[in-house]
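Notes follow the structure.
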Amino acid sequence: MAKLTKRIGALVLRLAAFGAALAALIVMVTSRERASFFAVSLEAKYTDMAAFKYFVIANAVVSVYSFLVLFLPKESLLWKFVVVLDLVMTMLLTSSISAALAVAQVGKKGNANAGWLPICGQVPKFCDQVTGALIAGFVALVLYVLLLLYSLHSVVDPFLLQKA
């Protein structure tokens, strides 16, 4: 019964991580807004910034991985490799969120030293969508940290019991 509860808990965590990464991906991909100032037109979209593209690619990779792992049989020997891949996905999410957050911060606040003006006053819907994508990405990251801890516990615990 305890093993079944652990398995269901891990499945729920994996489903939630998949959902959060997929939500971050969808929200970022759909972020777009056009603004006009007199005769000048500005269109803000995620493809304008390399960090946002990286965020989208990283969340796509994590989403596909999360989806595939849901169908891995519990008896499979690949679960030890899943621990390593969970670590890789956690680091991928961490780096992509960090990069996208840095660019979003410059978009929101600007950088007076570099002469970069904030754009969120002109394209607030775009900035709100980017913020939502970053929040969903952070939720996915937290869930992946929990999954990593669970995976480590699941793989290391039986290994230690065999040594005793």
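Chains: A, B, ... in order of the structure tokens. Residues: from 1 per chain. Ligands: from 1, in order shown.
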
Mind dumping a table of every range 122-163 of chain A residue within 6 Å of range 26-40 of chain A, with the nearest atom pair and its distance in Å to one decimal, using only C-alpha atoms, sorted by chain and rising number, as a tab-separated table?
residue	atom	partner	partner_atom	distance
A:Phe126	CA	A:Ser31	CA	5.5
A:Gln129	CA	A:Ser31	CA	5.6
A:Val130	CA	A:Met28	CA	5.9
A:Ala133	CA	A:Val27	CA	5.4

> Got a sec to tell me which of range 25-158 of chain A DSSP assigns to alpha helix (DSSP H), as an MDAnalysis selection string?
Replying inline: chainID A and resid 25:29 50:69 79:109 124:158

>> So, with only C-alpha atoms as the atoms that count, which of A:Asn111, A:Thr5, A:Ser98, A:Ser76 lies closest to Ala51 in chain A?
In response: A:Ser98

> Would you give me, as a VMD selection string, the residues in range 40-101 of chain A that DSSP reads as strand (DSSP E or B)?
Replying inline: chain A and resid 40 to 45

Go ahead and dump the residues you just picked, C-alpha atoms, as a PDB file, in the first residue's frame.
ATOM      1  CA  VAL A  40       5.895  54.594 -34.957  1.00  0.00           C
ATOM      2  CA  SER A  41       4.603  51.065 -34.466  1.00  0.00           C
ATOM      3  CA  LEU A  42       6.110  48.605 -31.988  1.00  0.00           C
ATOM      4  CA  GLU A  43       5.361  44.900 -31.829  1.00  0.00           C
ATOM      5  CA  ALA A  44       6.582  42.955 -28.814  1.00  0.00           C
ATOM      6  CA  LYS A  45       6.790  39.172 -29.109  1.00  0.00           C
TER       7      LYS A  45
END

>> When you look at Lys74 in chain A with a cut-off of 12 Å (counting only C-alpha atoms), what residues show up, excluding the ones that are within fewer than 4 positions of it in the same chain? I need them as a PyMOL selection string.
In response: chain A and resi 3-4+6-8+10-11+69-70+78-80+82+154-155

> Neighbours of Phe67 in chain A within 10 Å (only C-alpha atoms; same-chain residues fewer than 6 positions away dropped), as a PyMOL selection string?
Replying inline: chain A and resi 14-15+17-19+22+61

What are the closest atom pairs, with distances in Å to one decimal, for all residues of range 7-65 of chain A lying within 7 Å of range 139-153 of chain A? Consider only C-alpha atoms, order rows by chain and residue number, and present the result as a tab-separated table.
residue	atom	partner	partner_atom	distance
A:Leu13	CA	A:Leu143	CA	6.6
A:Ala17	CA	A:Ala140	CA	4.9
A:Ala20	CA	A:Ala140	CA	5.0
A:Ala21	CA	A:Ala140	CA	5.4

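Interatomic distance, CA of Ser95 in chain A against CA of Gly115 in chain A: 26.1 Å.
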
>> Quick check, in Å to one decimal: how far apart do CA of Leu85 in chain A and CA of Gly137 in chain A lie?
In response: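 We find that CA of Leu85 in chain A and CA of Gly137 in chain A lie 17.7 Å from each other.
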
>> What's the separation between CA of Ala136 in chain A and CA of Ala23 in chain A, in Å to one decimal place?
In response: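 Interatomic distance, CA of Ala136 in chain A to CA of Ala23 in chain A: 6.4 Å.
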